[in-house]
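The next block is target33.tsv, given as TSV, C-alpha atoms.
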```
chain	number	residue	atom	x	y	z
N	640	MET	CA	-17.01	61.13	-11.63
N	641	ALA	CA	-19.09	62.54	-8.79
N	642	GLY	CA	-17.65	63.14	-5.37
N	643	LEU	CA	-15.72	65.58	-3.26
N	644	LYS	CA	-12.32	66.64	-4.58
N	645	LEU	CA	-9.90	67.54	-1.76
N	646	PRO	CA	-6.22	68.59	-1.73
N	647	LEU	CA	-5.40	65.65	0.60
N	648	HIS	CA	-6.17	61.98	0.02
N	649	GLU	CA	-9.39	60.64	1.55
N	650	VAL	CA	-7.53	57.60	2.88
N	651	CYS	CA	-5.09	59.87	4.74
N	652	LEU	CA	-7.96	61.89	6.25
N	653	ASP	CA	-9.83	58.73	7.29
N	654	SER	CA	-6.81	57.04	8.89
N	655	ASN	CA	-5.30	60.19	10.47
N	656	LYS	CA	-1.95	59.11	8.98
N	657	LEU	CA	-0.67	61.34	6.20
N	658	CYS	CA	1.26	59.90	3.28
N	659	GLY	CA	4.42	61.57	1.98
N	660	SER	CA	2.55	63.54	-0.68
N	661	CYS	CA	0.02	64.95	1.81
N	662	ARG	CA	2.75	65.78	4.36
N	663	LEU	CA	4.67	67.62	1.64
N	664	LYS	CA	1.61	69.78	0.84
N	665	ILE	CA	1.45	70.79	4.50
N	666	GLU	CA	5.21	71.46	4.74
N	667	LYS	CA	5.10	73.64	1.60
N	668	GLY	CA	2.16	75.61	3.01
N	669	GLN	CA	-0.31	74.56	0.33
N	670	VAL	CA	-2.52	73.22	3.14
N	671	GLU	CA	-2.40	74.69	6.65
N	672	HIS	CA	-2.27	72.43	9.73
N	673	TRP	CA	-5.70	73.57	10.92
N	674	GLU	CA	-7.15	72.91	7.46
N	675	VAL	CA	-6.54	69.18	7.89
N	676	ARG	CA	-9.21	69.09	10.64
N	677	VAL	CA	-11.54	71.15	8.44
N	678	LEU	CA	-11.01	68.81	5.47
N	679	LYS	CA	-11.70	65.77	7.66
N	680	ALA	CA	-14.91	67.33	9.00
N	681	LEU	CA	-15.92	68.41	5.47
N	682	LEU	CA	-15.44	64.87	4.17
N	683	GLU	CA	-17.52	63.43	7.04
N	684	ALA	CA	-20.27	66.05	6.52
N	685	TYR	CA	-20.31	65.41	2.76
N	686	ARG	CA	-20.68	61.68	3.33
N	687	SER	CA	-23.49	62.24	5.87
N	688	THR	CA	-25.58	64.08	3.26
N	689	GLY	CA	-25.57	60.99	1.06
N	690	SER	CA	-25.13	63.13	-2.03
N	691	GLU	CA	-23.21	62.19	-5.13
N	692	SER	CA	-22.93	65.72	-6.54
N	693	SER	CA	-19.49	66.81	-7.65
N	694	LEU	CA	-17.76	69.45	-5.49
N	695	ALA	CA	-14.16	70.64	-5.39
N	696	TYR	CA	-12.57	72.22	-2.32
N	697	GLU	CA	-10.84	75.49	-3.22
N	698	ALA	CA	-9.83	77.15	0.06
N	699	SER	CA	-10.87	78.05	3.59
N	700	THR	CA	-10.13	80.79	6.08
N	701	ILE	CA	-11.20	81.88	9.54
N	702	ALA	CA	-12.37	85.47	9.95
N	703	GLY	CA	-13.34	86.29	13.50
N	704	SER	CA	-15.36	83.31	14.73
N	705	THR	CA	-16.58	82.34	11.24
N	706	LEU	CA	-15.04	79.67	9.05
N	707	TYR	CA	-15.43	80.37	5.32
N	708	ILE	CA	-15.06	77.48	2.89
N	709	ALA	CA	-15.03	77.91	-0.90
N	710	LEU	CA	-16.38	74.94	-2.86
N	711	GLU	CA	-16.65	74.82	-6.63
N	712	GLY	CA	-19.88	73.23	-7.74
N	713	PRO	CA	-23.62	73.37	-7.16
N	714	PRO	CA	-24.93	74.05	-3.63
N	715	LEU	CA	-25.48	70.90	-1.59
N	716	GLU	CA	-28.41	71.07	0.78
N	717	GLY	CA	-27.58	70.18	4.36
N	718	LEU	CA	-23.79	70.31	3.98
N	719	GLU	CA	-23.34	73.64	5.78
N	720	GLU	CA	-25.49	72.50	8.73
N	721	ALA	CA	-23.70	69.14	9.02
N	722	LEU	CA	-20.31	70.83	8.84
N	723	SER	CA	-21.37	73.44	11.39
N	724	ARG	CA	-22.41	70.70	13.85
N	725	ALA	CA	-19.13	68.83	13.33
N	726	LEU	CA	-16.95	71.91	13.78
N	727	ARG	CA	-18.90	73.53	16.63
N	728	LEU	CA	-17.20	71.06	18.93
N	729	ARG	CA	-13.82	72.37	17.73
N	730	GLY	CA	-14.48	76.02	18.65
N	731	VAL	CA	-15.87	77.39	15.39
N	732	ALA	CA	-19.02	79.44	16.01
N	733	ARG	CA	-20.26	79.77	12.39
N	734	VAL	CA	-19.58	78.10	9.08
N	735	ARG	CA	-20.28	79.75	5.73
N	736	ILE	CA	-19.83	77.80	2.52
N	737	ILE	CA	-19.28	79.82	-0.64
N	738	TYR	CA	-20.46	77.81	-3.64
N	739	PHE	CA	-19.18	79.08	-6.97
N	740	THR	CA	-18.74	78.15	-10.61
N	741	GLY	CA	-16.59	79.68	-13.32
N	742	GLY	CA	-13.12	79.51	-11.81
N	743	LEU	CA	-11.37	82.46	-10.18
N	744	LYS	CA	-13.70	85.09	-11.62
N	745	GLY	CA	-16.74	83.17	-10.37
N	746	LEU	CA	-15.25	82.86	-6.88
N	747	LEU	CA	-14.44	86.56	-6.75
N	748	GLU	CA	-17.98	87.43	-7.85
N	749	LYS	CA	-19.40	85.34	-4.99
N	750	ILE	CA	-17.03	86.82	-2.38
N	751	LEU	CA	-17.40	90.43	-3.56
N	752	ASP	CA	-21.16	89.91	-4.14
N	753	GLN	CA	-21.16	91.76	-7.47
N	754	LYS	CA	-20.17	91.37	-11.11
N	755	VAL	CA	-16.44	91.33	-11.71
N	756	ILE	CA	-15.53	93.36	-14.77
N	757	ALA	CA	-11.86	92.36	-15.01
N	758	VAL	CA	-9.18	90.43	-13.12
N	759	ASN	CA	-5.53	91.32	-13.68
N	760	LYS	CA	-2.60	89.44	-12.18
N	761	PHE	CA	0.57	91.26	-11.18
N	762	TYR	CA	3.80	89.75	-9.90
N	763	SER	CA	6.15	91.74	-7.70
N	764	VAL	CA	9.93	91.50	-7.90
N	765	ASP	CA	9.97	88.86	-5.16
N	766	GLY	CA	7.41	86.77	-7.09
N	767	ALA	CA	4.37	87.53	-4.93
N	768	LEU	CA	1.08	87.54	-6.81
N	769	THR	CA	-1.42	90.40	-6.53
N	770	LEU	CA	-4.86	90.39	-8.09
N	771	LYS	CA	-6.33	93.70	-9.23
N	772	VAL	CA	-10.08	93.24	-9.57
N	773	THR	CA	-12.25	95.83	-11.32
N	774	VAL	CA	-15.80	96.05	-9.92
N	775	GLU	CA	-18.61	98.60	-9.91
N	776	ASN	CA	-18.50	99.34	-6.17
N	777	ARG	CA	-15.54	98.85	-3.88
N	778	ASN	CA	-16.07	96.90	-0.63
N	779	PRO	CA	-12.97	96.83	1.63
N	780	GLY	CA	-14.43	94.11	3.88
N	781	ALA	CA	-15.07	91.74	0.99
N	782	GLU	CA	-11.64	92.62	-0.42
N	783	LYS	CA	-10.03	91.57	2.88
N	784	LEU	CA	-12.03	88.31	2.92
N	785	ALA	CA	-10.98	87.56	-0.67
N	786	SER	CA	-7.31	88.15	0.21
N	787	SER	CA	-7.56	85.89	3.24
N	788	LEU	CA	-9.44	83.13	1.43
N	789	LEU	CA	-7.23	83.10	-1.67
N	790	LYS	CA	-4.02	83.61	0.37
N	791	ILE	CA	-2.87	86.34	-2.03
N	792	LYS	CA	-3.27	90.10	-2.04
N	793	VAL	CA	-6.51	91.23	-3.69
N	794	ILE	CA	-7.05	94.88	-4.58
N	795	THR	CA	-10.39	96.10	-5.87
N	796	GLU	CA	-10.79	99.11	-8.10
N	797	GLU	CA	-14.02	100.85	-9.06
N	798	SER	CA	-14.71	101.05	-12.76
N	799	LYS	CA	-15.80	104.27	-14.38
N	800	THR	CA	-19.28	103.73	-15.67
N	801	GLU	CA	-20.56	105.24	-18.87
N	802	ARG	CA	-22.70	107.70	-16.88
N	803	GLU	CA	-19.64	109.13	-15.12
N	804	THR	CA	-17.73	109.67	-18.35
N	805	ARG	CA	-20.66	110.86	-20.48
N	806	GLY	CA	-20.62	114.53	-21.38
N	807	LYS	CA	-16.94	115.01	-20.58
N	808	PRO	CA	-14.83	115.83	-23.62
N	809	LEU	CA	-12.04	113.45	-24.43
N	810	LYS	CA	-8.63	115.02	-24.08
N	811	VAL	CA	-6.76	113.94	-27.15
N	812	LYS	CA	-3.44	115.50	-27.95
N	813	VAL	CA	-3.24	116.15	-31.68
N	814	GLU	CA	0.24	116.81	-32.93
N	815	ASP	CA	1.17	118.41	-36.19
N	816	VAL	CA	1.85	115.77	-38.83
N	817	LYS	CA	4.99	117.57	-40.00
N	818	LYS	CA	6.44	117.59	-36.45
N	819	THR	CA	5.72	113.90	-36.07
N	820	LEU	CA	7.40	113.07	-39.39
N	821	ASP	CA	10.41	115.24	-38.46
N	822	LYS	CA	10.82	113.23	-35.23
N	823	LEU	CA	10.76	109.95	-37.10
N	824	PHE	CA	13.22	110.89	-39.84
```
Have the structure of the file written as structure tokens, please.
Amino acid sequence: MAGLKLPLHEVCLDSNKLCGSCRLKIEKGQVEHWEVRVLKALLEAYRSTGSESSLAYEASTIAGSTLYIALEGPPLEGLEEALSRALRLRGVARVRIIYFTGGLKGLLEKILDQKVIAVNKFYSVDGALTLKVTVENRNPGAEKLASSLLKIKVITEESKTERETRGKPLKVKVEDVKKTLDKLF
């Protein structure tokens, strides 16, 4: 089914009256108060393009005077301009839509603007999630944007390429077989 998938119901956004389910998402922090206005403007802008392509809203954040919106699906021509016009009246200077495919890894590749080699999830004692992303070149600005957009801590780490490790001998500790057997028995 084509359309725009949002975290809040379209009927609630159209009527400006939130149902219990939508209010609960806001109370739990799954959707911020300011995001409701963004979702309403996004829905209006999507409808104004007349497109039937399938898009799913992932997240949004404001960095400086720019609003970043992550949408999963193919790029929709005219959506960014329509959304920018709708939100300019609300004090947002620029709107950037990040279109991605391929889930979390695809989104991180778009934000970091490079190939993601690996994504590892770590949970702290208090249950907070941290993503450790391995990339070829570290970009602290993009890392900060990813953290803000995903609402979790994102740490990037440079991978060691084959060129950097080539020619260096591997340090392998070889123990005596007899000593190893003595330890076991």
Original post:
Which value, in Å to one decimal, gives the distance between atom CA of N:Thr740 and atom CA of N:Tyr707?
Top reply: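 Atom CA of N:Tyr707 lies 16.4 Å from atom CA of N:Thr740.
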Original post:
So how far away is atom CA of N:Leu710 from atom CA of N:Glu796, in Å?
Top reply: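 Result for atom CA of N:Glu796 versus atom CA of N:Leu710: 25.4 Å, one decimal.
Nearest to N:Asn759 of all the residues N:Ser787, N:Ser723, N:Thr705, N:Thr795 is N:Thr795, based on all atoms listed in the file.
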**OP:** Using all atoms listed in the file, find the one residue out of N:Lys771, N:Lys667, N:Lys644, N:Lys783 that sits nearest to N:Ser692.
**Re:** N:Lys644
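Restricting the calculation to only C-alpha atoms, the smallest distance between N:Ile737 and any of N:Asp653, N:Glu691, N:Glu711, N:Glu671 is found for N:Glu711.
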Original post:
Can you tell me how far atom CA of N:Ser704 sits from atom CA of N:Ala732, in Å to one decimal?
Top reply: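 For atom CA of N:Ser704 relative to atom CA of N:Ala732, the distance reads 5.5 Å.
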Subject >> Selection near N:Arg733, 12 Å with all atoms listed in the file, sequence-local residues under 6 positions removed, as a PyMOL selection string >> reply: chain N and resi 700-708+719-727
Subject >> Shell around N:Val772 at 10 Å using all atoms listed in the file, local window under 5 positions removed, as a PyMOL selection string >> reply: chain N and resi 744+747-748+751+755-760+777+782+793-798
Subject >> Who sits within 8 Å of stretch 682-688 of chain N, only C-alpha atoms, same chain under 3 positions skipped, as number ranges by chain >> reply: N: 643, 649, 678-679, 716-718, 721-722, 725
Write a file of the just-selected residues containing C-alpha atoms, as a PDB file, in the coordinates of the input.
```pdb
ATOM      1  CA  LEU N 643     -15.720  65.580  -3.260  1.00  0.00           C
ATOM      2  CA  GLU N 649      -9.390  60.640   1.550  1.00  0.00           C
ATOM      3  CA  LEU N 678     -11.010  68.810   5.470  1.00  0.00           C
ATOM      4  CA  LYS N 679     -11.700  65.770   7.660  1.00  0.00           C
ATOM      5  CA  GLU N 716     -28.410  71.070   0.780  1.00  0.00           C
ATOM      6  CA  GLY N 717     -27.580  70.180   4.360  1.00  0.00           C
ATOM      7  CA  LEU N 718     -23.790  70.310   3.980  1.00  0.00           C
ATOM      8  CA  ALA N 721     -23.700  69.140   9.020  1.00  0.00           C
ATOM      9  CA  LEU N 722     -20.310  70.830   8.840  1.00  0.00           C
ATOM     10  CA  ALA N 725     -19.130  68.830  13.330  1.00  0.00           C
TER      11      ALA N 725
END
```
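Nearest residue to N:Lys664 among N:Ile750, N:Leu743, N:Leu647, N:Leu715 is N:Leu647, counting all atoms listed in the file.
When all atoms listed in the file are used to measure the gap to N:Arg676, the shortest distance among N:Asn776, N:Val764, N:Asn655, N:Pro646 belongs to N:Asn655.
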Original post:
Pick from N:Val734, N:Ala698, N:Ala767, N:Val650: nearest to N:Leu788, with all atoms listed in the file counted?
Top reply: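 Using all atoms listed in the file, N:Leu788 sits closest to N:Ala698.
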